[in-house]
$ cat work_36.cif   # mmCIF, C-alpha atoms and all ligand atoms
data_start
#
loop_
_atom_site.group_PDB
_atom_site.id
_atom_site.type_symbol
_atom_site.label_atom_id
_atom_site.label_comp_id
_atom_site.auth_asym_id
_atom_site.auth_seq_id
_atom_site.Cartn_x
_atom_site.Cartn_y
_atom_site.Cartn_z
ATOM 1 C CA MET A 82 -23.788 -2.443 -10.738
ATOM 2 C CA SER A 83 -22.340 -2.711 -14.208
ATOM 3 C CA ILE A 84 -19.639 -0.222 -13.303
ATOM 4 C CA ARG A 85 -18.802 -2.209 -10.218
ATOM 5 C CA ALA A 86 -18.677 -5.443 -12.174
ATOM 6 C CA HIS A 87 -16.443 -3.794 -14.733
ATOM 7 C CA LYS A 88 -14.079 -2.577 -12.033
ATOM 8 C CA ARG A 89 -14.014 -6.015 -10.541
ATOM 9 C CA SER A 90 -12.981 -7.643 -13.792
ATOM 10 C CA LEU A 91 -10.321 -4.999 -14.251
ATOM 11 C CA THR A 92 -9.065 -5.758 -10.789
ATOM 12 C CA LEU A 93 -8.818 -9.436 -11.587
ATOM 13 C CA ALA A 94 -6.830 -8.602 -14.678
ATOM 14 C CA ILE A 95 -4.496 -6.485 -12.568
ATOM 15 C CA THR A 96 -4.072 -9.285 -10.077
ATOM 16 C CA ALA A 97 -3.058 -11.625 -12.866
ATOM 17 C CA ALA A 98 -0.646 -9.027 -14.183
ATOM 18 C CA LEU A 99 0.827 -8.628 -10.708
ATOM 19 C CA VAL A 100 1.347 -12.285 -10.022
ATOM 20 C CA ALA A 101 3.131 -13.083 -13.245
ATOM 21 C CA PRO A 102 5.944 -10.514 -13.125
ATOM 22 C CA PHE A 103 6.618 -11.048 -9.446
ATOM 23 C CA ALA A 104 6.934 -14.770 -9.884
ATOM 24 C CA PHE A 105 9.468 -13.982 -12.593
ATOM 25 C CA LEU A 106 11.339 -11.581 -10.325
ATOM 26 C CA ALA A 107 11.484 -14.134 -7.577
ATOM 27 C CA THR A 108 13.191 -16.591 -9.893
ATOM 28 C CA VAL A 109 15.678 -14.166 -11.373
ATOM 29 C CA THR A 110 16.737 -12.421 -8.202
ATOM 30 C CA ALA A 111 16.700 -15.160 -5.609
ATOM 31 C CA ASP A 112 20.459 -14.807 -5.147
ATOM 32 C CA THR A 113 20.486 -11.075 -4.616
ATOM 33 C CA ILE A 114 17.524 -10.345 -2.382
ATOM 34 C CA THR A 115 16.606 -11.958 0.848
ATOM 35 C CA ALA A 116 12.968 -12.750 0.237
ATOM 36 C CA ALA A 117 10.694 -13.378 -2.706
ATOM 37 C CA PRO A 118 7.145 -12.119 -2.426
ATOM 38 C CA ALA A 119 5.599 -14.274 -5.162
ATOM 39 C CA ALA A 120 1.892 -14.371 -4.358
ATOM 40 C CA ALA A 121 2.073 -14.367 -0.609
ATOM 41 C CA HIS A 122 -0.056 -11.629 0.882
ATOM 42 C CA GLY A 123 -1.667 -8.298 0.006
ATOM 43 C CA SER A 124 -2.120 -4.591 0.635
ATOM 44 C CA VAL A 125 -4.298 -1.618 -0.113
ATOM 45 C CA THR A 126 -3.600 -0.881 -3.766
ATOM 46 C CA ASP A 127 -6.087 1.975 -4.196
ATOM 47 C CA PRO A 128 -5.465 4.504 -2.838
ATOM 48 C CA PRO A 129 -1.969 3.017 -2.865
ATOM 49 C CA THR A 130 0.019 2.496 0.290
ATOM 50 C CA ARG A 131 3.334 4.283 0.603
ATOM 51 C CA ASN A 132 5.409 1.343 -0.533
ATOM 52 C CA TYR A 133 2.932 0.147 -3.165
ATOM 53 C CA GLY A 134 2.833 3.681 -4.598
ATOM 54 C CA CYS A 135 6.625 3.709 -4.812
ATOM 55 C CA LEU A 136 6.523 0.388 -6.636
ATOM 56 C CA GLU A 137 3.741 1.558 -8.919
ATOM 57 C CA ARG A 138 5.547 4.746 -9.913
ATOM 58 C CA TRP A 139 9.160 3.571 -9.912
ATOM 59 C CA GLY A 140 9.318 -0.210 -9.972
ATOM 60 C CA SER A 141 10.490 -0.217 -13.567
ATOM 61 C CA ASP A 142 12.822 2.764 -13.094
ATOM 62 C CA HIS A 143 13.981 2.748 -9.496
ATOM 63 C CA LEU A 144 17.589 3.722 -10.245
ATOM 64 C CA ASN A 145 16.554 6.939 -11.966
ATOM 65 C CA PRO A 146 18.267 9.787 -10.055
ATOM 66 C CA GLU A 147 15.428 12.133 -11.011
ATOM 67 C CA MET A 148 13.332 10.330 -8.408
ATOM 68 C CA ALA A 149 15.281 12.216 -5.720
ATOM 69 C CA THR A 150 13.679 15.489 -6.772
ATOM 70 C CA ILE A 151 10.399 14.312 -8.332
ATOM 71 C CA ASP A 152 9.424 11.884 -5.572
ATOM 72 C CA PRO A 153 11.906 12.245 -2.705
ATOM 73 C CA MET A 154 10.166 9.951 -0.214
ATOM 74 C CA CYS A 155 10.171 7.117 -2.710
ATOM 75 C CA TRP A 156 13.826 7.826 -3.391
ATOM 76 C CA GLY A 157 14.484 7.480 0.320
ATOM 77 C CA ALA A 158 12.367 4.351 0.557
ATOM 78 C CA TRP A 159 14.165 2.610 -2.301
ATOM 79 C CA ARG A 160 17.531 3.504 -0.818
ATOM 80 C CA HIS A 161 16.488 2.352 2.633
ATOM 81 C CA ASP A 162 15.382 -1.097 1.461
ATOM 82 C CA PRO A 163 14.106 -2.040 -2.009
ATOM 83 C CA ASN A 164 12.455 -5.097 -0.503
ATOM 84 C CA ALA A 165 9.825 -2.820 1.028
ATOM 85 C CA MET A 166 8.645 -2.301 -2.536
ATOM 86 C CA TRP A 167 9.220 -5.763 -3.982
ATOM 87 C CA ASN A 168 7.447 -7.124 -0.892
ATOM 88 C CA TRP A 169 4.725 -4.485 -1.060
ATOM 89 C CA ASN A 170 2.280 -7.104 0.189
ATOM 90 C CA GLY A 171 4.150 -8.224 3.318
ATOM 91 C CA LEU A 172 3.621 -5.439 5.865
ATOM 92 C CA TYR A 173 2.001 -7.489 8.606
ATOM 93 C CA ARG A 174 2.497 -8.803 12.121
ATOM 94 C CA GLU A 175 1.198 -11.990 13.679
ATOM 95 C CA ASN A 176 -0.538 -12.881 16.938
ATOM 96 C CA VAL A 177 -1.526 -9.364 17.904
ATOM 97 C CA GLY A 178 -4.822 -10.584 19.367
ATOM 98 C CA GLY A 179 -6.625 -7.483 18.148
ATOM 99 C CA ASN A 180 -4.593 -5.272 20.501
ATOM 100 C CA HIS A 181 -3.316 -3.073 17.728
ATOM 101 C CA GLU A 182 -2.958 0.049 19.830
ATOM 102 C CA ALA A 183 -0.985 -1.780 22.497
ATOM 103 C CA VAL A 184 1.355 -3.491 20.047
ATOM 104 C CA ILE A 185 2.033 -0.680 17.567
ATOM 105 C CA PRO A 186 3.854 2.274 19.178
ATOM 106 C CA ASN A 187 2.962 5.866 18.371
ATOM 107 C CA GLY A 188 5.008 7.117 15.452
ATOM 108 C CA GLN A 189 5.290 3.609 14.003
ATOM 109 C CA LEU A 190 1.811 3.045 12.607
ATOM 110 C CA CYS A 191 2.952 3.038 8.982
ATOM 111 C CA SER A 192 5.580 0.351 9.547
ATOM 112 C CA GLY A 193 3.353 -1.873 11.664
ATOM 113 C CA GLY A 194 5.582 -1.191 14.673
ATOM 114 C CA ARG A 195 8.712 -1.671 12.550
ATOM 115 C CA THR A 196 7.727 -5.161 11.609
ATOM 116 C CA GLN A 197 10.517 -7.143 9.959
ATOM 117 C CA SER A 198 12.830 -4.246 10.798
ATOM 118 C CA PRO A 199 14.513 -2.602 9.027
ATOM 119 C CA ARG A 200 12.557 -3.476 5.874
ATOM 120 C CA TYR A 201 9.527 -1.190 6.318
ATOM 121 C CA ASP A 202 10.928 1.302 8.847
ATOM 122 C CA TYR A 203 11.112 4.097 6.294
ATOM 123 C CA MET A 204 7.328 4.066 5.876
ATOM 124 C CA ASP A 205 7.126 6.010 9.173
ATOM 125 C CA THR A 206 9.351 8.824 7.906
ATOM 126 C CA PRO A 207 7.541 12.189 7.642
ATOM 127 C CA GLY A 208 7.920 13.947 4.313
ATOM 128 C CA GLU A 209 6.447 14.772 0.954
ATOM 129 C CA TRP A 210 4.943 11.402 0.161
ATOM 130 C CA VAL A 211 2.989 11.604 -3.084
ATOM 131 C CA ALA A 212 -0.718 11.786 -2.190
ATOM 132 C CA LYS A 213 -3.444 10.460 -4.460
ATOM 133 C CA ASP A 214 -6.275 12.868 -5.287
ATOM 134 C CA VAL A 215 -9.580 11.401 -4.096
ATOM 135 C CA PRO A 216 -13.109 12.807 -3.812
ATOM 136 C CA GLN A 217 -14.705 12.976 -0.359
ATOM 137 C CA GLN A 218 -16.432 9.674 -1.077
ATOM 138 C CA PHE A 219 -14.316 7.072 -2.771
ATOM 139 C CA HIS A 220 -13.747 3.385 -3.169
ATOM 140 C CA LEU A 221 -10.934 1.560 -1.378
ATOM 141 C CA THR A 222 -9.473 -1.622 -2.865
ATOM 142 C CA LEU A 223 -7.300 -4.077 -1.002
ATOM 143 C CA THR A 224 -5.647 -6.629 -3.276
ATOM 144 C CA ASP A 225 -5.062 -10.016 -1.636
ATOM 145 C CA GLN A 226 -2.986 -12.311 -3.799
ATOM 146 C CA ALA A 227 -3.141 -15.018 -1.145
ATOM 147 C CA ARG A 228 -6.924 -14.898 -0.720
ATOM 148 C CA HIS A 229 -6.662 -14.962 3.064
ATOM 149 C CA GLY A 230 -10.136 -13.567 3.652
ATOM 150 C CA ALA A 231 -10.762 -10.704 6.061
ATOM 151 C CA ASP A 232 -12.273 -10.631 9.537
ATOM 152 C CA TYR A 233 -12.531 -6.877 9.001
ATOM 153 C CA LEU A 234 -10.981 -3.820 7.438
ATOM 154 C CA ARG A 235 -10.687 -1.057 10.001
ATOM 155 C CA ILE A 236 -10.166 2.304 8.336
ATOM 156 C CA TYR A 237 -8.932 5.480 10.003
ATOM 157 C CA VAL A 238 -8.101 8.927 8.687
ATOM 158 C CA SER A 239 -5.645 11.385 10.181
ATOM 159 C CA GLU A 240 -7.150 14.257 12.146
ATOM 160 C CA PRO A 241 -7.582 17.653 10.484
ATOM 161 C CA GLY A 242 -4.371 19.539 11.022
ATOM 162 C CA PHE A 243 -2.148 16.488 11.109
ATOM 163 C CA ASP A 244 0.772 17.161 8.802
ATOM 164 C CA PRO A 245 2.366 13.988 7.408
ATOM 165 C CA THR A 246 5.207 16.022 5.955
ATOM 166 C CA THR A 247 6.471 16.820 9.454
ATOM 167 C CA GLU A 248 4.951 14.193 11.784
ATOM 168 C CA ALA A 249 5.015 10.418 12.027
ATOM 169 C CA LEU A 250 1.521 8.982 12.511
ATOM 170 C CA GLY A 251 0.423 8.093 16.052
ATOM 171 C CA TRP A 252 -2.831 6.743 17.496
ATOM 172 C CA ASP A 253 -3.724 10.214 18.772
ATOM 173 C CA ASP A 254 -3.525 11.485 15.207
ATOM 174 C CA VAL A 255 -6.190 9.221 13.709
ATOM 175 C CA GLN A 256 -9.956 8.891 13.908
ATOM 176 C CA LEU A 257 -11.926 5.779 13.040
ATOM 177 C CA VAL A 258 -13.921 6.084 9.812
ATOM 178 C CA LYS A 259 -15.393 2.610 9.512
ATOM 179 C CA GLU A 260 -14.973 -1.055 10.263
ATOM 180 C CA THR A 261 -16.288 -3.506 7.710
ATOM 181 C CA GLY A 262 -17.729 -6.937 8.264
ATOM 182 C CA ARG A 263 -16.129 -10.172 7.125
ATOM 183 C CA TYR A 264 -15.061 -10.905 3.571
ATOM 184 C CA PRO A 265 -14.777 -14.441 2.248
ATOM 185 C CA SER A 266 -11.561 -15.582 0.585
ATOM 186 C CA GLN A 267 -11.259 -13.624 -2.654
ATOM 187 C CA GLY A 268 -8.785 -11.562 -4.649
ATOM 188 C CA THR A 269 -9.907 -8.097 -3.581
ATOM 189 C CA TYR A 270 -11.787 -6.560 -0.681
ATOM 190 C CA GLU A 271 -13.513 -3.334 -1.614
ATOM 191 C CA THR A 272 -15.398 -0.819 0.447
ATOM 192 C CA ASP A 273 -16.657 2.740 0.186
ATOM 193 C CA VAL A 274 -15.019 5.400 2.321
ATOM 194 C CA ASP A 275 -16.889 8.581 3.246
ATOM 195 C CA LEU A 276 -14.762 11.551 4.301
ATOM 196 C CA SER A 277 -17.486 14.164 3.889
ATOM 197 C CA GLY A 278 -16.496 17.499 5.346
ATOM 198 C CA ARG A 279 -12.801 16.861 4.913
ATOM 199 C CA SER A 280 -10.421 18.312 2.404
ATOM 200 C CA GLY A 281 -6.735 18.416 1.712
ATOM 201 C CA ARG A 282 -3.901 16.182 2.592
ATOM 202 C CA ALA A 283 -4.408 13.247 4.956
ATOM 203 C CA VAL A 284 -3.215 9.753 5.733
ATOM 204 C CA LEU A 285 -5.677 6.915 5.373
ATOM 205 C CA TYR A 286 -4.782 4.083 7.749
ATOM 206 C CA THR A 287 -6.187 0.619 7.091
ATOM 207 C CA ILE A 288 -5.878 -2.404 9.338
ATOM 208 C CA TRP A 289 -6.650 -5.601 7.462
ATOM 209 C CA GLN A 290 -7.267 -8.441 9.879
ATOM 210 C CA ALA A 291 -6.692 -11.520 7.714
ATOM 211 C CA SER A 292 -8.760 -14.603 8.480
ATOM 212 C CA HIS A 293 -6.435 -17.567 7.840
ATOM 213 C CA LEU A 294 -4.250 -16.683 10.849
ATOM 214 C CA ASP A 295 -4.064 -13.865 13.379
ATOM 215 C CA GLN A 296 -2.196 -11.792 10.767
ATOM 216 C CA PRO A 297 -3.080 -8.084 10.731
ATOM 217 C CA TYR A 298 -1.673 -5.721 8.102
ATOM 218 C CA TYR A 299 -0.966 -2.018 8.822
ATOM 219 C CA LEU A 300 -1.314 0.137 5.754
ATOM 220 C CA CYS A 301 -0.776 3.885 5.223
ATOM 221 C CA SER A 302 -2.080 5.554 2.069
ATOM 222 C CA ASP A 303 -1.461 9.254 1.420
ATOM 223 C CA ILE A 304 -4.493 11.052 0.015
ATOM 224 C CA ASN A 305 -5.451 14.552 -1.049
ATOM 225 C CA ILE A 306 -9.187 14.819 -0.348
ATOM 226 C CA GLY A 307 -11.080 16.771 -2.961
ATOM 227 C CA GLY A 308 -7.892 17.360 -4.899
ATOM 228 C CA GLY A 309 -7.494 17.262 -8.645
ATOM 229 C CA ALA A 310 -11.237 17.299 -9.438
ATOM 230 C CA ALA A 311 -12.127 14.176 -11.408
ATOM 231 C CA ALA A 312 -8.690 12.621 -11.338
ATOM 232 C CA ALA A 313 -9.718 9.875 -8.952
ATOM 233 C CA GLU A 314 -12.232 8.309 -11.321
ATOM 234 C CA ALA A 315 -10.176 8.704 -14.470
ATOM 235 C CA GLY A 316 -9.013 5.118 -14.576
ATOM 236 C CA PRO A 317 -5.954 4.548 -12.388
ATOM 237 C CA GLU A 318 -6.266 0.802 -12.938
ATOM 238 C CA SER A 319 -4.934 0.957 -16.454
ATOM 239 C CA VAL A 320 -1.922 2.895 -15.221
ATOM 240 C CA VAL A 321 -1.205 0.247 -12.616
ATOM 241 C CA THR A 322 -1.382 -2.513 -15.195
ATOM 242 C CA THR A 323 1.019 -0.751 -17.521
ATOM 243 C CA LYS A 324 3.573 0.122 -14.875
ATOM 244 C CA VAL A 325 3.556 -3.217 -13.146
ATOM 245 C CA ALA A 326 3.841 -5.033 -16.445
ATOM 246 C CA THR A 327 7.041 -3.134 -17.182
ATOM 247 C CA THR A 328 8.448 -4.089 -13.789
ATOM 248 C CA ALA A 329 9.217 -7.588 -15.010
ATOM 249 C CA ALA A 330 11.519 -6.255 -17.700
ATOM 250 C CA ALA A 331 13.463 -4.281 -15.113
ATOM 251 C CA GLY A 332 14.009 -7.263 -12.843
ATOM 252 C CA CYS A 333 17.498 -7.940 -14.156
ATOM 253 C CA ARG A 334 18.668 -4.595 -12.773
ATOM 254 C CA LEU A 335 17.668 -5.358 -9.227
ATOM 255 C CA GLY A 336 21.016 -6.841 -8.290
ATOM 256 C CA GLN A 337 22.828 -3.601 -9.008
ATOM 257 C CA PHE A 338 20.758 -1.864 -6.391
ATOM 258 C CA ALA A 339 20.499 -4.442 -3.652
ATOM 259 C CA ALA A 340 24.181 -4.537 -2.722
HETATM 260 CU CU CU B 1 -0.321 -13.545 3.952
#

$ encode --input "work_36.cif" --output "structure tokens" --more "lines below"
Ligand SMILES: [Cu+2]
Amino acid sequence: MSIRAHKRSLTLAITAALVAPFAFLATVTADTITAAPAAAHGSVTDPPTRNYGCLERWGSDHLNPEMATIDPMCWGAWRHDPNAMWNWNGLYRENVGGNHEAVIPNGQLCSGGRTQSPRYDYMDTPGEWVAKDVPQQFHLTLTDQARHGADYLRIYVSEPGFDPTTEALGWDDVQLVKETGRYPSQGTYETDVDLSGRSGRAVLYTIWQASHLDQPYYLCSDINIGGGAAAAEAGPESVVTTKVATTAAAGCRLGQFAA
């Protein structure tokens, strides 16, 4: 319990660190980007979604040409639309009525059926997305800056053999792992994920059905199950805090990129 409580307080600290720089960005760049995320919504931050991971790793350095070779999918994502990263928390649809499989076409699961197209379209692109090493049993954290509450988190994993480097995710490619109960309005929704028997690269797909409106979020996180030994518990939170804190300082460069 003490470990959990400690993680929770860390998470709150991260949330505070997230809100402050993005509010700053919104002010500085209102003329050059089309939308300001401020503290509007949320996403799975651990293991990070594709666009949140690209923000986490490159938000303070997104013009660095080395990204093209070190992290090519993020390079493509930033070039496609930087707002997919600045608005890491806005990948949702509305009024789906729970009919996720009818509304989201195969091959478009990671963009929520190309919601707000073209902003998040690149999230469907197959390729060498950086995958986070996780043990077979791990903890998922969804950060909700707007404290919408959750009717449920529905969590899927890609089937064994699915290759995200060559295929876009479809409904036939995923299997349901768990569906949680309701969460009251709070800053994070956390749950344990058990992928016993699995190993290697996979896509974790989370549907967050927010409670304030019919507003489901569609969230792809790349994972490497059983990879990197103890890496998953080594304290990724502190890395997030450091990198996101530096994002504020880089805000003045956004205009150069968003032409
Ligand atoms: Cu929202």

$ atom_distance --input "work_36.cif" --atom1 "atom CA of A:Arg131" --atom2 "atom CA of A:Arg195"
14.4 Å

$ closest_residue --input "work_36.cif" --among "A:Asn164, A:Thr222, A:Asn170, A:Gln189" --to "ligand CU 1 (chain B)" --atoms "all atoms listed in the file"
A:Asn170

$ residues_near_ligand --input "work_36.cif" --ligand "ligand CU 1 (chain B)" --cutoff "10 Å" --atoms "only C-alpha atoms and all ligand atoms" --output "ChimeraX atom specification"
/A:118,120-124,170-175,225-230,291-294,296-298

$ atom_distance --input "work_36.cif" --atom1 "atom CA of A:Asp295" --atom2 "atom CA of A:His220"
25.8 Å

$ closest_residue --input "work_36.cif" --among "A:Gln256, A:Asn180, A:Thr224, A:Thr150" --to "A:Pro128" --atoms "only C-alpha atoms"
A:Thr224

$ closest_residue --input "work_36.cif" --among "A:Met204, A:Val184, A:Leu276, A:Ile288" --to "A:Glu260" --atoms "all atoms listed in the file"
A:Ile288

$ axis_aligned_box --input "work_36.cif" --around "stretch 226-241 of chain A" --padding-each-side "4 Å" --output "JSON"
{"center_x": -7.8, "center_y": 1.3, "center_z": 4.2, "size_x": 17.5, "size_y": 40.7, "size_z": 23.9}

$ resolve_selection --input "work_36.cif" --expression "the PyMOL selection byres (((chain A and resi 308) around 8) and not hetatm)" --output "JSON, numbers by chain"
{"A": [214, 215, 216, 280, 281, 305, 306, 307, 309, 310]}

$ atom_distance --input "work_36.cif" --atom1 "atom CA of A:Trp159" --atom2 "atom CA of A:His143"
7.2 Å

$ resolve_selection --input "work_36.cif" --expression "the PyMOL selection byres (((chain A and resi 243) around 12) and not hetatm)" --output "list in words"
Pro207, Val238, Ser239, Glu240, Pro241, Gly242, Asp244, Pro245, Thr246, Thr247, Glu248, Ala249, Leu250, Gly251, Trp252, Asp253, Asp254, Val255, Gln256, Gly281, Arg282, Ala283, Val284 and Leu285 of chain A

$ write_last_selection --input "work_36.cif" --atoms "C-alpha atoms" --output "PDB file, in the frame of the given file"
ATOM      1  CA  PRO A 207       7.541  12.189   7.642  1.00  0.00           C
ATOM      2  CA  VAL A 238      -8.101   8.927   8.687  1.00  0.00           C
ATOM      3  CA  SER A 239      -5.645  11.385  10.181  1.00  0.00           C
ATOM      4  CA  GLU A 240      -7.150  14.257  12.146  1.00  0.00           C
ATOM      5  CA  PRO A 241      -7.582  17.653  10.484  1.00  0.00           C
ATOM      6  CA  GLY A 242      -4.371  19.539  11.022  1.00  0.00           C
ATOM      7  CA  ASP A 244       0.772  17.161   8.802  1.00  0.00           C
ATOM      8  CA  PRO A 245       2.366  13.988   7.408  1.00  0.00           C
ATOM      9  CA  THR A 246       5.207  16.022   5.955  1.00  0.00           C
ATOM     10  CA  THR A 247       6.471  16.820   9.454  1.00  0.00           C
ATOM     11  CA  GLU A 248       4.951  14.193  11.784  1.00  0.00           C
ATOM     12  CA  ALA A 249       5.015  10.418  12.027  1.00  0.00           C
ATOM     13  CA  LEU A 250       1.521   8.982  12.511  1.00  0.00           C
ATOM     14  CA  GLY A 251       0.423   8.093  16.052  1.00  0.00           C
ATOM     15  CA  TRP A 252      -2.831   6.743  17.496  1.00  0.00           C
ATOM     16  CA  ASP A 253      -3.724  10.214  18.772  1.00  0.00           C
ATOM     17  CA  ASP A 254      -3.525  11.485  15.207  1.00  0.00           C
ATOM     18  CA  VAL A 255      -6.190   9.221  13.709  1.00  0.00           C
ATOM     19  CA  GLN A 256      -9.956   8.891  13.908  1.00  0.00           C
ATOM     20  CA  GLY A 281      -6.735  18.416   1.712  1.00  0.00           C
ATOM     21  CA  ARG A 282      -3.901  16.182   2.592  1.00  0.00           C
ATOM     22  CA  ALA A 283      -4.408  13.247   4.956  1.00  0.00           C
ATOM     23  CA  VAL A 284      -3.215   9.753   5.733  1.00  0.00           C
ATOM     24  CA  LEU A 285      -5.677   6.915   5.373  1.00  0.00           C
TER      25      LEU A 285
END

$ closest_residue --input "work_36.cif" --among "A:Asn132, A:Thr272, A:Thr126, A:Tyr233" --to "A:Cys191" --atoms "all atoms listed in the file"
A:Asn132

$ closest_residue --input "work_36.cif" --among "A:Gly262, A:Gly140, A:Pro146, A:Gly208" --to "A:Trp289" --atoms "only C-alpha atoms"
A:Gly262

$ decode --input "work_36.cif" --residues "stretch 211-222 of chain A" --atoms "N, CA and C atoms" --output "short mmCIF file (atom, residue, chain, number, x, y, z; two decimals), in the first residue's frame"
data_model
loop_
_atom_site.label_atom_id
_atom_site.label_comp_id
_atom_site.auth_asym_id
_atom_site.auth_seq_id
_atom_site.Cartn_x
_atom_site.Cartn_y
_atom_site.Cartn_z
N VAL A 211 8.57 3.24 -30.82
CA VAL A 211 9.31 2.83 -29.63
C VAL A 211 8.35 2.15 -28.67
N ALA A 212 8.73 0.94 -28.21
CA ALA A 212 7.88 0.17 -27.31
C ALA A 212 8.47 0.19 -25.91
N LYS A 213 7.63 0.40 -24.91
CA LYS A 213 8.11 0.39 -23.53
C LYS A 213 8.24 -1.04 -23.02
N ASP A 214 9.37 -1.34 -22.39
CA ASP A 214 9.55 -2.64 -21.74
C ASP A 214 8.63 -2.74 -20.53
N VAL A 215 7.83 -3.79 -20.48
CA VAL A 215 6.96 -4.03 -19.31
C VAL A 215 7.06 -5.49 -18.92
N PRO A 216 6.89 -5.80 -17.62
CA PRO A 216 6.78 -7.21 -17.22
C PRO A 216 5.42 -7.76 -17.66
N GLN A 217 5.20 -9.05 -17.47
CA GLN A 217 3.92 -9.63 -17.88
C GLN A 217 2.76 -9.07 -17.08
N GLN A 218 3.02 -8.70 -15.84
CA GLN A 218 2.00 -8.03 -15.02
C GLN A 218 2.50 -6.64 -14.71
N PHE A 219 1.71 -5.66 -15.07
CA PHE A 219 2.17 -4.28 -14.86
C PHE A 219 0.97 -3.40 -14.54
N HIS A 220 1.29 -2.16 -14.27
CA HIS A 220 0.32 -1.19 -13.80
C HIS A 220 0.08 -0.18 -14.92
N LEU A 221 -1.16 0.05 -15.28
CA LEU A 221 -1.48 1.04 -16.30
C LEU A 221 -1.99 2.31 -15.61
N THR A 222 -1.52 3.45 -16.07
CA THR A 222 -1.99 4.73 -15.53
C THR A 222 -2.55 5.59 -16.65
#
